[in-house]
Amino acid sequence: MDKKINIVCAFGTRPEAIKMSPLVLALRAHPAFDTKVLVTAQHRELLDSVLDTFGIVPDHDLNIMRGGQTLTEIVTKALTGAGEYLNEIRPDILLVHGDTATTFAASLAGFYAGVSVGHVEAGLRTYNKREPYPEEMNRLLTGRIADVHFAPTKSARQNLLNENTPADSIYVTGNTEIDAILSILSKEGEYRYKRDALNGLDKNGRLIVMTSHRRENLGQPMTDMCRALRRVVDENPDVTLVWPIHPNPDVRTAAYAELSGHNRIVLTDAVDTEDMYRLAGSAFMIATDSAAIQEISPILNKPCVVLRNVTERPEGVETGALMLGGNSYETVYGAVKSVLNDTGVYNRMAAAANPFGDGKASQRIVSAVLHHLGINSDRPDDF
């Protein structure tokens with residue numbers, strides 16, 4: 001073909017950047033595409049660290065992050081900035097990812113600009129618009145706007161079909177998070193963490209890696225979860241808890257109020273992508289409310305307690321790799337304790353199948369875009 005396909009990949013947070021970076025690299029390596037990257041910088045430092053890891057320089061940076069920003073401010077600034085950029089360059093297709101405010105705003109800007117929208121990681125649902133908040137609604141609204149849907153699993157595809165999404169617009173690709181982790185962990189040689197606090201961890205004991213930052217967990221649930229994890233550490237002398245803490249001040253306040261001052265609890269600032277993957281790989285188990293870490297734990301064979309009441313990744317619960325732990329003191333304590341100290345539970349979770357991807361999602365999406373645009377006649381095989 002003489003004219004290249006002008007494609008824009010838009011994202012703004014660290015999780016989006018991690019999952020879109022392998023796709024950006026795959027698109028840029030393909031001769032059919034002229035690939036541009038638009039970032040909102042809804043997260044700034046966290047986003048930049050991922051871009052550095054994958055060697056990606058954005059073509060357009062809205063740089064919208066401000067201290068204490070509200071969801072309304074994020075969406076308004078992202079919508080305006082993305083709209084101006086899309087109207088200026090008029091791409092053939094816009095790709096957005098997942099469920100963030102950036103995702104919703106960019107997809108709406110694409111719709112207003114008359115640009116075809118492709119939704120990466122489409123079809124995940126809890127059908128509870130408050131959990132996860134606001135991500136469930138962001139994803140639903142983006143799904144109604146999108147013209148083509150890249151569902152990571154067959155269950156996600158079925159959710160879209162149940163909502164009367166045209167079947168021929170859905171491609172099952174696997175999750176690009178798996179592409180990212182396999183790429184990074186394939187690097188050889190001894191690894192040294194960039195955060196010095198992580199280099200002195202006891203390699204002979206059992207390590208629990210914790211992350212938590214969800215809005216629905218702020219306040220009393222965060223306090224309860226911290227107290228539950230501290231009790232687990234107190235009761236198990238061979239256990240160390242490590243928490244790379246999200247920069248949200250509400251998260252940091254709760255974490256340091258409840259967990260500081262313990263010689264087997266390590267609190268550190270948020271880490272970059274490679275540090276996080278390596279840390280998860282060295283864990284005995286994981287406790288998290290993060291969406292992305294739910295996906296990588298099965299490929300690392302690490303049991304994962306999900307610090308939520310619901311998850312939009314039920315495939316991991318169904319295979320047994322994930323356990324819902326809720327966000328109350330008693331449920332979190334009970335779930336973490338059972339994984340930590342019941343060998344049968346632990347072994348079943350560690351051996352559970354990985355339902356989220358095989359490391360080839362980005363290539364499937366490239367093929368799916370070409371098929372959707374009528375460049376390739378053969379529809380790619382589903383994951």
# chains A, B, ... in the order shown; residues from 1 in each chain; ligands from 1
>>> closest_atom_pairs(of="region 248-324 of chain A", to="region 119-128 of chain A", cutoff="7 Å", atoms="only C-alpha atoms", output="CSV")
residue,atom,partner,partner_atom,distance
A:Val310,CA,A:Thr126,CA,6.7
A:Thr311,CA,A:Thr126,CA,6.2
A:Glu312,CA,A:Arg125,CA,4.8
A:Arg313,CA,A:Leu124,CA,6.8
>>> write_last_selection(atoms="all heavy atoms", output="short mmCIF file (atom, residue, chain, number, x, y, z; two decimals), in the first residue's frame")
data_model
loop_
_atom_site.label_atom_id
_atom_site.label_comp_id
_atom_site.auth_asym_id
_atom_site.auth_seq_id
_atom_site.Cartn_x
_atom_site.Cartn_y
_atom_site.Cartn_z
N VAL A 310 -15.23 -7.02 44.40
CA VAL A 310 -15.51 -7.55 43.07
C VAL A 310 -14.29 -7.33 42.19
O VAL A 310 -13.46 -6.46 42.48
CB VAL A 310 -16.74 -6.88 42.42
CG1 VAL A 310 -18.01 -7.21 43.17
CG2 VAL A 310 -16.55 -5.37 42.34
N THR A 311 -14.19 -8.10 41.12
CA THR A 311 -13.13 -7.88 40.15
C THR A 311 -13.69 -8.01 38.75
O THR A 311 -14.57 -8.86 38.50
CB THR A 311 -11.95 -8.86 40.33
OG1 THR A 311 -10.97 -8.62 39.30
CG2 THR A 311 -12.40 -10.32 40.26
N GLU A 312 -13.19 -7.16 37.86
CA GLU A 312 -13.56 -7.26 36.46
C GLU A 312 -12.71 -8.28 35.71
O GLU A 312 -12.79 -8.40 34.50
CB GLU A 312 -13.47 -5.87 35.79
CG GLU A 312 -12.08 -5.29 35.67
CD GLU A 312 -11.63 -4.55 36.93
OE1 GLU A 312 -11.81 -5.08 38.05
OE2 GLU A 312 -11.05 -3.46 36.79
N ARG A 313 -11.93 -9.03 36.46
CA ARG A 313 -11.11 -10.10 35.91
C ARG A 313 -11.50 -11.44 36.56
O ARG A 313 -10.70 -12.08 37.24
CB ARG A 313 -9.63 -9.79 36.11
CG ARG A 313 -9.18 -8.63 35.21
CD ARG A 313 -7.91 -7.98 35.68
NE ARG A 313 -7.48 -6.97 34.73
CZ ARG A 313 -7.95 -5.72 34.69
NH1 ARG A 313 -8.88 -5.34 35.56
NH2 ARG A 313 -7.51 -4.86 33.79
#
>>> residues_around(residues="Met323 (chain A)", least_positions_apart="4", cutoff="12 Å", atoms="only C-alpha atoms", output="number ranges by chain")
A: 285-289, 294, 297-298, 302-311, 313-319, 331-332, 334-339, 345-346, 348-350, 352
>>> write_last_selection(atoms="N, CA, C and O atoms", output="compact mmCIF listing (two decimals), in the first residue's frame")
# COMPACT_ATOMS: atom_id res chain seq x y z
N MET A 285 3.65 -14.39 47.99
CA MET A 285 2.28 -14.13 47.59
C MET A 285 2.10 -12.62 47.42
O MET A 285 2.94 -11.83 47.83
N ILE A 286 0.97 -12.25 46.81
CA ILE A 286 0.67 -10.86 46.52
C ILE A 286 -0.69 -10.50 47.10
O ILE A 286 -1.62 -11.32 47.08
N ALA A 287 -0.81 -9.28 47.63
CA ALA A 287 -2.11 -8.74 48.06
C ALA A 287 -2.26 -7.38 47.38
O ALA A 287 -1.43 -6.50 47.59
N THR A 288 -3.30 -7.21 46.58
CA THR A 288 -3.38 -6.00 45.76
C THR A 288 -4.82 -5.65 45.40
O THR A 288 -5.69 -6.53 45.35
N ASP A 289 -5.06 -4.36 45.15
CA ASP A 289 -6.30 -3.97 44.50
C ASP A 289 -6.03 -3.49 43.08
O ASP A 289 -6.92 -3.00 42.40
N GLN A 294 -3.22 -8.25 39.16
CA GLN A 294 -4.06 -9.45 39.08
C GLN A 294 -3.72 -10.27 37.83
O GLN A 294 -3.80 -11.50 37.85
N SER A 297 0.11 -11.97 38.18
CA SER A 297 0.38 -12.97 39.22
C SER A 297 0.26 -14.40 38.71
O SER A 297 1.10 -15.25 39.07
N PRO A 298 -0.72 -14.75 37.83
CA PRO A 298 -0.77 -16.14 37.37
C PRO A 298 0.42 -16.54 36.52
O PRO A 298 0.88 -17.69 36.59
N LYS A 302 2.22 -16.83 41.30
CA LYS A 302 2.14 -16.25 42.64
C LYS A 302 0.68 -16.11 43.06
O LYS A 302 -0.09 -15.40 42.41
N PRO A 303 0.26 -16.77 44.14
CA PRO A 303 -1.11 -16.57 44.64
C PRO A 303 -1.37 -15.10 44.92
O PRO A 303 -0.50 -14.40 45.45
N CYS A 304 -2.56 -14.65 44.58
CA CYS A 304 -2.88 -13.23 44.71
C CYS A 304 -4.22 -13.06 45.41
O CYS A 304 -5.24 -13.57 44.94
N VAL A 305 -4.21 -12.35 46.54
CA VAL A 305 -5.44 -11.95 47.21
C VAL A 305 -5.82 -10.57 46.69
O VAL A 305 -5.04 -9.61 46.77
N VAL A 306 -7.02 -10.48 46.13
CA VAL A 306 -7.50 -9.23 45.54
C VAL A 306 -8.22 -8.43 46.62
O VAL A 306 -9.23 -8.89 47.18
N LEU A 307 -7.70 -7.25 46.92
CA LEU A 307 -8.24 -6.42 48.00
C LEU A 307 -9.42 -5.60 47.48
O LEU A 307 -9.43 -4.37 47.49
N ARG A 308 -10.44 -6.32 47.05
CA ARG A 308 -11.67 -5.72 46.53
C ARG A 308 -12.82 -6.67 46.83
O ARG A 308 -12.62 -7.86 47.07
N ASN A 309 -14.02 -6.14 46.70
CA ASN A 309 -15.22 -6.97 46.83
C ASN A 309 -15.60 -7.63 45.52
O ASN A 309 -16.27 -8.68 45.51
N VAL A 310 -15.23 -7.02 44.40
CA VAL A 310 -15.51 -7.55 43.07
C VAL A 310 -14.29 -7.33 42.19
O VAL A 310 -13.46 -6.46 42.48
N THR A 311 -14.19 -8.10 41.12
CA THR A 311 -13.13 -7.88 40.15
C THR A 311 -13.69 -8.01 38.75
O THR A 311 -14.57 -8.86 38.50
N ARG A 313 -11.93 -9.03 36.46
CA ARG A 313 -11.11 -10.10 35.91
C ARG A 313 -11.50 -11.44 36.56
O ARG A 313 -10.70 -12.08 37.24
N PRO A 314 -12.75 -11.86 36.38
CA PRO A 314 -13.24 -13.06 37.07
C PRO A 314 -12.56 -14.33 36.58
O PRO A 314 -12.61 -15.36 37.28
N GLU A 315 -11.95 -14.28 35.40
CA GLU A 315 -11.26 -15.48 34.89
C GLU A 315 -10.20 -15.96 35.87
O GLU A 315 -9.99 -17.17 36.04
N GLY A 316 -9.51 -15.01 36.54
CA GLY A 316 -8.49 -15.39 37.50
C GLY A 316 -9.07 -16.06 38.74
O GLY A 316 -8.46 -16.97 39.31
N VAL A 317 -10.26 -15.62 39.16
CA VAL A 317 -10.94 -16.26 40.28
C VAL A 317 -11.41 -17.65 39.87
O VAL A 317 -11.31 -18.62 40.64
N GLU A 318 -11.94 -17.75 38.66
CA GLU A 318 -12.47 -19.03 38.17
C GLU A 318 -11.37 -20.08 38.04
O GLU A 318 -11.60 -21.26 38.34
N THR A 319 -10.18 -19.69 37.59
CA THR A 319 -9.09 -20.67 37.48
C THR A 319 -8.47 -20.98 38.83
O THR A 319 -7.77 -21.98 38.98
N THR A 331 -12.10 -9.86 56.55
CA THR A 331 -12.00 -10.62 55.30
C THR A 331 -10.58 -10.61 54.74
O THR A 331 -10.10 -11.62 54.23
N VAL A 332 -9.90 -9.47 54.85
CA VAL A 332 -8.52 -9.40 54.36
C VAL A 332 -7.61 -10.28 55.21
O VAL A 332 -6.81 -11.06 54.69
N GLY A 334 -8.43 -12.89 56.99
CA GLY A 334 -8.73 -14.30 56.75
C GLY A 334 -8.20 -14.80 55.43
O GLY A 334 -7.65 -15.91 55.34
N ALA A 335 -8.32 -14.00 54.39
CA ALA A 335 -7.87 -14.43 53.07
C ALA A 335 -6.36 -14.55 53.02
O ALA A 335 -5.81 -15.56 52.55
N VAL A 336 -5.66 -13.53 53.49
CA VAL A 336 -4.19 -13.56 53.45
C VAL A 336 -3.65 -14.68 54.32
O VAL A 336 -2.72 -15.42 53.93
N LYS A 337 -4.24 -14.86 55.50
CA LYS A 337 -3.80 -15.92 56.40
C LYS A 337 -3.98 -17.30 55.77
O LYS A 337 -3.10 -18.17 55.88
N SER A 338 -5.10 -17.51 55.06
CA SER A 338 -5.36 -18.82 54.48
C SER A 338 -4.36 -19.14 53.37
O SER A 338 -3.87 -20.27 53.26
N VAL A 339 -4.03 -18.16 52.56
CA VAL A 339 -3.05 -18.39 51.48
C VAL A 339 -1.67 -18.61 52.07
O VAL A 339 -0.91 -19.48 51.62
N VAL A 345 -4.23 -24.62 49.87
CA VAL A 345 -4.73 -23.41 49.22
C VAL A 345 -3.62 -22.77 48.41
O VAL A 345 -3.79 -22.41 47.24
N TYR A 346 -2.45 -22.64 49.02
CA TYR A 346 -1.32 -22.00 48.34
C TYR A 346 -0.93 -22.75 47.06
O TYR A 346 -0.78 -22.14 45.99
N ARG A 348 -2.62 -24.83 45.19
CA ARG A 348 -3.65 -24.77 44.14
C ARG A 348 -3.61 -23.42 43.42
O ARG A 348 -3.71 -23.36 42.19
N MET A 349 -3.43 -22.35 44.17
CA MET A 349 -3.39 -21.04 43.54
C MET A 349 -2.12 -20.85 42.72
O MET A 349 -2.15 -20.31 41.60
N ALA A 350 -1.00 -21.32 43.24
CA ALA A 350 0.26 -21.16 42.52
C ALA A 350 0.29 -21.96 41.22
O ALA A 350 0.96 -21.57 40.26
N ALA A 352 -2.40 -22.62 39.37
CA ALA A 352 -3.57 -22.32 38.53
C ALA A 352 -3.15 -21.82 37.15
O ALA A 352 -2.10 -21.20 36.98
>>> residues_around(residues="Glu45 (chain A)", least_positions_apart="4", cutoff="10 Å", atoms="only C-alpha atoms", output="list in words")
Thr13, Arg14, Ala41, Ser49, Val50, Leu51, Met65, Pro247, Ala270 and Asp272 of chain A
>>> write_last_selection(atoms="C-alpha atoms", output="CSV table (one decimal), in the first residue's frame")
chain,number,residue,atom,x,y,z
A,13,THR,CA,-1.5,6.7,33.4
A,14,ARG,CA,1.2,4.2,34.3
A,41,ALA,CA,0.1,12.8,31.6
A,49,SER,CA,9.2,6.0,34.1
A,50,VAL,CA,7.3,3.6,31.9
A,51,LEU,CA,8.0,5.6,28.7
A,65,MET,CA,-1.4,16.6,35.8
A,247,PRO,CA,1.8,8.9,45.5
A,270,ALA,CA,6.3,3.8,44.0
A,272,ASP,CA,9.2,1.6,38.1
>>> residues_around(residues="Ala113 (chain A)", least_positions_apart="5", cutoff="7 Å", atoms="only C-alpha atoms", output="number ranges by chain")
A: 83, 86-87
>>> write_last_selection(atoms="N, CA and C atoms", output="PDB file, in the first residue's frame")
ATOM      1  N   GLY A  83      -9.065  16.493  21.769  1.00  0.00           N
ATOM      2  CA  GLY A  83      -9.895  16.933  20.653  1.00  0.00           C
ATOM      3  C   GLY A  83      -9.152  17.841  19.707  1.00  0.00           C
ATOM      4  N   LEU A  86      -6.556  15.648  17.716  1.00  0.00           N
ATOM      5  CA  LEU A  86      -7.172  14.759  16.731  1.00  0.00           C
ATOM      6  C   LEU A  86      -7.759  15.542  15.560  1.00  0.00           C
ATOM      7  N   ASN A  87      -8.326  16.689  15.826  1.00  0.00           N
ATOM      8  CA  ASN A  87      -8.852  17.509  14.738  1.00  0.00           C
ATOM      9  C   ASN A  87      -7.740  18.072  13.863  1.00  0.00           C
TER      10      ASN A  87
END
>>> residues_around(residues="region 299-301 of chain A", least_positions_apart="2", cutoff="12 Å", atoms="only C-alpha atoms", output="PyMOL selection string")
chain A and resi 175+177-182+185+277-286+292-297+303-304+316+320-322+346-359
>>> select_by_dssp(residues="region 202-325 of chain A", states="strand (DSSP E or B)", output="PyMOL selection string")
chain A and resi 206-211+239-245+265-269+285-288+304-306+322-324
>>> write_last_selection(atoms="N, CA, C and O atoms", output="tab-separated table (two decimals), in the first residue's frame")
chain	number	residue	atom	x	y	z
A	206	ARG	N	9.50	-15.40	53.82
A	206	ARG	CA	8.38	-15.31	52.87
A	206	ARG	C	8.01	-13.83	52.70
A	206	ARG	O	7.80	-13.12	53.68
A	207	LEU	N	7.91	-13.42	51.46
A	207	LEU	CA	7.68	-12.03	51.13
A	207	LEU	C	6.24	-11.84	50.63
A	207	LEU	O	5.82	-12.50	49.68
A	208	ILE	N	5.51	-10.95	51.27
A	208	ILE	CA	4.21	-10.51	50.76
A	208	ILE	C	4.40	-9.16	50.10
A	208	ILE	O	4.88	-8.21	50.73
A	209	VAL	N	4.06	-9.06	48.84
A	209	VAL	CA	4.09	-7.79	48.12
A	209	VAL	C	2.67	-7.24	48.09
A	209	VAL	O	1.74	-7.91	47.65
A	210	MET	N	2.52	-6.01	48.57
A	210	MET	CA	1.21	-5.38	48.66
A	210	MET	C	1.18	-4.11	47.81
A	210	MET	O	2.17	-3.38	47.75
A	211	THR	N	0.07	-3.87	47.14
A	211	THR	CA	-0.20	-2.57	46.55
A	211	THR	C	-1.67	-2.25	46.76
A	211	THR	O	-2.51	-3.14	46.74
A	239	VAL	N	7.80	-13.72	57.86
A	239	VAL	CA	7.14	-12.95	56.79
A	239	VAL	C	7.60	-11.50	56.81
A	239	VAL	O	7.66	-10.86	57.87
A	240	THR	N	7.91	-10.99	55.63
A	240	THR	CA	8.18	-9.58	55.42
A	240	THR	C	7.14	-9.03	54.45
A	240	THR	O	6.80	-9.68	53.45
A	241	LEU	N	6.61	-7.85	54.75
A	241	LEU	CA	5.65	-7.17	53.87
A	241	LEU	C	6.35	-6.00	53.20
A	241	LEU	O	7.00	-5.18	53.86
A	242	VAL	N	6.21	-5.91	51.88
A	242	VAL	CA	6.76	-4.79	51.12
A	242	VAL	C	5.63	-4.09	50.39
A	242	VAL	O	4.83	-4.74	49.70
A	243	TRP	N	5.58	-2.76	50.50
A	243	TRP	CA	4.55	-1.98	49.84
A	243	TRP	C	5.18	-0.79	49.12
A	243	TRP	O	5.56	0.19	49.76
A	244	PRO	N	5.30	-0.84	47.81
A	244	PRO	CA	5.66	0.37	47.05
A	244	PRO	C	4.42	1.26	46.94
A	244	PRO	O	3.45	0.90	46.27
A	245	ILE	N	4.44	2.40	47.60
A	245	ILE	CA	3.21	3.16	47.85
A	245	ILE	C	2.93	4.16	46.73
A	245	ILE	O	3.80	4.93	46.33
A	265	ILE	N	8.33	-4.71	57.90
A	265	ILE	CA	7.46	-4.05	56.93
A	265	ILE	C	8.26	-2.95	56.25
A	265	ILE	O	8.79	-2.05	56.92
A	266	VAL	N	8.37	-3.06	54.93
A	266	VAL	CA	9.16	-2.10	54.15
A	266	VAL	C	8.19	-1.25	53.33
A	266	VAL	O	7.49	-1.75	52.45
A	267	LEU	N	8.16	0.04	53.65
A	267	LEU	CA	7.37	0.99	52.89
A	267	LEU	C	8.32	1.83	52.04
A	267	LEU	O	9.29	2.39	52.55
A	268	THR	N	8.05	1.89	50.76
A	268	THR	CA	8.91	2.65	49.86
A	268	THR	C	8.05	3.38	48.85
A	268	THR	O	6.87	3.08	48.67
A	269	ASP	N	8.64	4.36	48.19
A	269	ASP	CA	7.90	5.08	47.15
A	269	ASP	C	7.59	4.14	45.99
A	269	ASP	O	8.20	3.07	45.85
A	285	MET	N	3.65	-14.39	47.99
A	285	MET	CA	2.28	-14.13	47.59
A	285	MET	C	2.10	-12.62	47.42
A	285	MET	O	2.94	-11.83	47.83
A	286	ILE	N	0.97	-12.25	46.81
A	286	ILE	CA	0.67	-10.86	46.52
A	286	ILE	C	-0.69	-10.50	47.10
A	286	ILE	O	-1.62	-11.32	47.08
A	287	ALA	N	-0.81	-9.28	47.63
A	287	ALA	CA	-2.11	-8.74	48.06
A	287	ALA	C	-2.26	-7.38	47.38
A	287	ALA	O	-1.43	-6.50	47.59
A	288	THR	N	-3.30	-7.21	46.58
A	288	THR	CA	-3.38	-6.00	45.76
A	288	THR	C	-4.82	-5.65	45.40
A	288	THR	O	-5.69	-6.53	45.35
A	304	CYS	N	-2.56	-14.65	44.58
A	304	CYS	CA	-2.88	-13.23	44.71
A	304	CYS	C	-4.22	-13.06	45.41
A	304	CYS	O	-5.24	-13.57	44.94
A	305	VAL	N	-4.21	-12.35	46.54
A	305	VAL	CA	-5.44	-11.95	47.21
A	305	VAL	C	-5.82	-10.57	46.69
A	305	VAL	O	-5.04	-9.61	46.77
A	306	VAL	N	-7.02	-10.48	46.13
A	306	VAL	CA	-7.50	-9.23	45.54
A	306	VAL	C	-8.22	-8.43	46.62
A	306	VAL	O	-9.23	-8.89	47.18
A	322	LEU	N	-6.62	-16.23	41.59
A	322	LEU	CA	-6.95	-15.08	42.41
A	322	LEU	C	-7.97	-15.47	43.48
A	322	LEU	O	-8.81	-16.34	43.26
A	323	MET	N	-7.90	-14.79	44.62
A	323	MET	CA	-8.89	-14.96	45.67
A	323	MET	C	-9.40	-13.58	46.07
A	323	MET	O	-8.60	-12.69	46.38
A	324	LEU	N	-10.71	-13.39	46.03
A	324	LEU	CA	-11.28	-12.13	46.48
A	324	LEU	C	-11.16	-12.02	48.00
A	324	LEU	O	-11.65	-12.89	48.73
>>> residues_around(residues="Val75 (chain A)", least_positions_apart="6", cutoff="12 Å", atoms="only C-alpha atoms", output="PDB file with C-alpha atoms, in the first residue's frame")
ATOM      1  CA  GLY A  12      -2.079   8.954  30.365  1.00  0.00           C
ATOM      2  CA  THR A  40      -2.337  13.285  28.669  1.00  0.00           C
ATOM      3  CA  ALA A  41       0.084  12.758  31.588  1.00  0.00           C
ATOM      4  CA  GLN A  42      -2.837  12.200  33.944  1.00  0.00           C
ATOM      5  CA  ILE A  64      -2.432  17.931  32.388  1.00  0.00           C
ATOM      6  CA  MET A  65      -1.440  16.644  35.847  1.00  0.00           C
ATOM      7  CA  GLN A  69      -6.831  17.337  40.497  1.00  0.00           C
ATOM      8  CA  GLY A  81      -6.503  18.681  24.489  1.00  0.00           C
ATOM      9  CA  ALA A  82      -7.133  15.360  22.754  1.00  0.00           C
ATOM     10  CA  GLY A  83      -9.895  16.933  20.653  1.00  0.00           C
ATOM     11  CA  THR A 100      -9.140   5.488  32.943  1.00  0.00           C
ATOM     12  CA  ALA A 101     -10.421   9.066  32.767  1.00  0.00           C
ATOM     13  CA  THR A 102      -7.942   9.572  29.915  1.00  0.00           C
ATOM     14  CA  THR A 103      -9.443   6.604  28.067  1.00  0.00           C
ATOM     15  CA  PHE A 104     -12.985   7.915  28.303  1.00  0.00           C
ATOM     16  CA  ALA A 105     -12.029  11.500  27.454  1.00  0.00           C
ATOM     17  CA  ALA A 106      -9.854  10.515  24.483  1.00  0.00           C
ATOM     18  CA  SER A 107     -12.480   8.165  23.062  1.00  0.00           C
ATOM     19  CA  LEU A 108     -15.134  10.870  23.374  1.00  0.00           C
ATOM     20  CA  ALA A 109     -12.791  13.328  21.663  1.00  0.00           C
ATOM     21  CA  PRO A 134     -14.829   5.392  38.304  1.00  0.00           C
ATOM     22  CA  ASN A 138     -15.222   4.742  32.040  1.00  0.00           C
TER      23      ASN A 138
END
>>> select_by_dssp(residues="region 126-185 of chain A", states="helix (DSSP H, G or I)", output="ChimeraX atom specification")
/A:135-145,154-162,167-169,176-185
>>> atom_distance(atom1="CA of Thr53 (chain A)", atom2="CA of His213 (chain A)")
22.5 Å
>>> closest_residue(among="A:Cys226, A:Met276, A:Val232, A:Leu38", to="Ser21 (chain A)", atoms="only C-alpha atoms")
A:Leu38
>>> closest_residue(among="A:Arg139, A:Val271, A:Leu259, A:Asn248", to="Tyr193 (chain A)", atoms="only C-alpha atoms")
A:Val271
>>> residues_around(residues="Leu218 (chain A)", least_positions_apart="2", cutoff="12 Å", atoms="only C-alpha atoms", output="ChimeraX atom specification")
/A:133,212-216,220-226,248-255,289,307-308,327-328
>>> decode(residues="region 68-95 of chain A", atoms="C-alpha atoms", output="PDB file, in the first residue's frame")
ATOM      1  CA  GLY A  68      -5.238  17.663  43.926  1.00  0.00           C
ATOM      2  CA  GLN A  69      -6.831  17.337  40.497  1.00  0.00           C
ATOM      3  CA  THR A  70     -10.429  16.131  40.371  1.00  0.00           C
ATOM      4  CA  LEU A  71     -11.912  13.644  37.944  1.00  0.00           C
ATOM      5  CA  THR A  72     -13.888  16.460  36.351  1.00  0.00           C
ATOM      6  CA  GLU A  73     -10.712  18.469  35.767  1.00  0.00           C
ATOM      7  CA  ILE A  74      -8.887  15.467  34.308  1.00  0.00           C
ATOM      8  CA  VAL A  75     -11.688  14.631  31.892  1.00  0.00           C
ATOM      9  CA  THR A  76     -12.246  18.252  30.866  1.00  0.00           C
ATOM     10  CA  LYS A  77      -8.578  18.961  30.134  1.00  0.00           C
ATOM     11  CA  ALA A  78      -7.994  15.613  28.429  1.00  0.00           C
ATOM     12  CA  LEU A  79     -11.119  15.988  26.280  1.00  0.00           C
ATOM     13  CA  THR A  80     -10.165  19.473  25.155  1.00  0.00           C
ATOM     14  CA  GLY A  81      -6.503  18.681  24.489  1.00  0.00           C
ATOM     15  CA  ALA A  82      -7.133  15.360  22.754  1.00  0.00           C
ATOM     16  CA  GLY A  83      -9.895  16.933  20.653  1.00  0.00           C
ATOM     17  CA  GLU A  84      -7.616  19.701  19.423  1.00  0.00           C
ATOM     18  CA  TYR A  85      -4.867  17.218  18.507  1.00  0.00           C
ATOM     19  CA  LEU A  86      -7.172  14.759  16.731  1.00  0.00           C
ATOM     20  CA  ASN A  87      -8.852  17.509  14.738  1.00  0.00           C
ATOM     21  CA  GLU A  88      -5.447  18.779  13.711  1.00  0.00           C
ATOM     22  CA  ILE A  89      -3.936  15.508  12.432  1.00  0.00           C
ATOM     23  CA  ARG A  90      -7.120  13.586  11.455  1.00  0.00           C
ATOM     24  CA  PRO A  91      -5.878  10.018  12.055  1.00  0.00           C
ATOM     25  CA  ASP A  92      -7.427   6.951  10.456  1.00  0.00           C
ATOM     26  CA  ILE A  93      -7.915   5.328  13.844  1.00  0.00           C
ATOM     27  CA  LEU A  94      -7.421   6.133  17.517  1.00  0.00           C
ATOM     28  CA  LEU A  95      -6.511   3.417  20.028  1.00  0.00           C
TER      29      LEU A  95
END
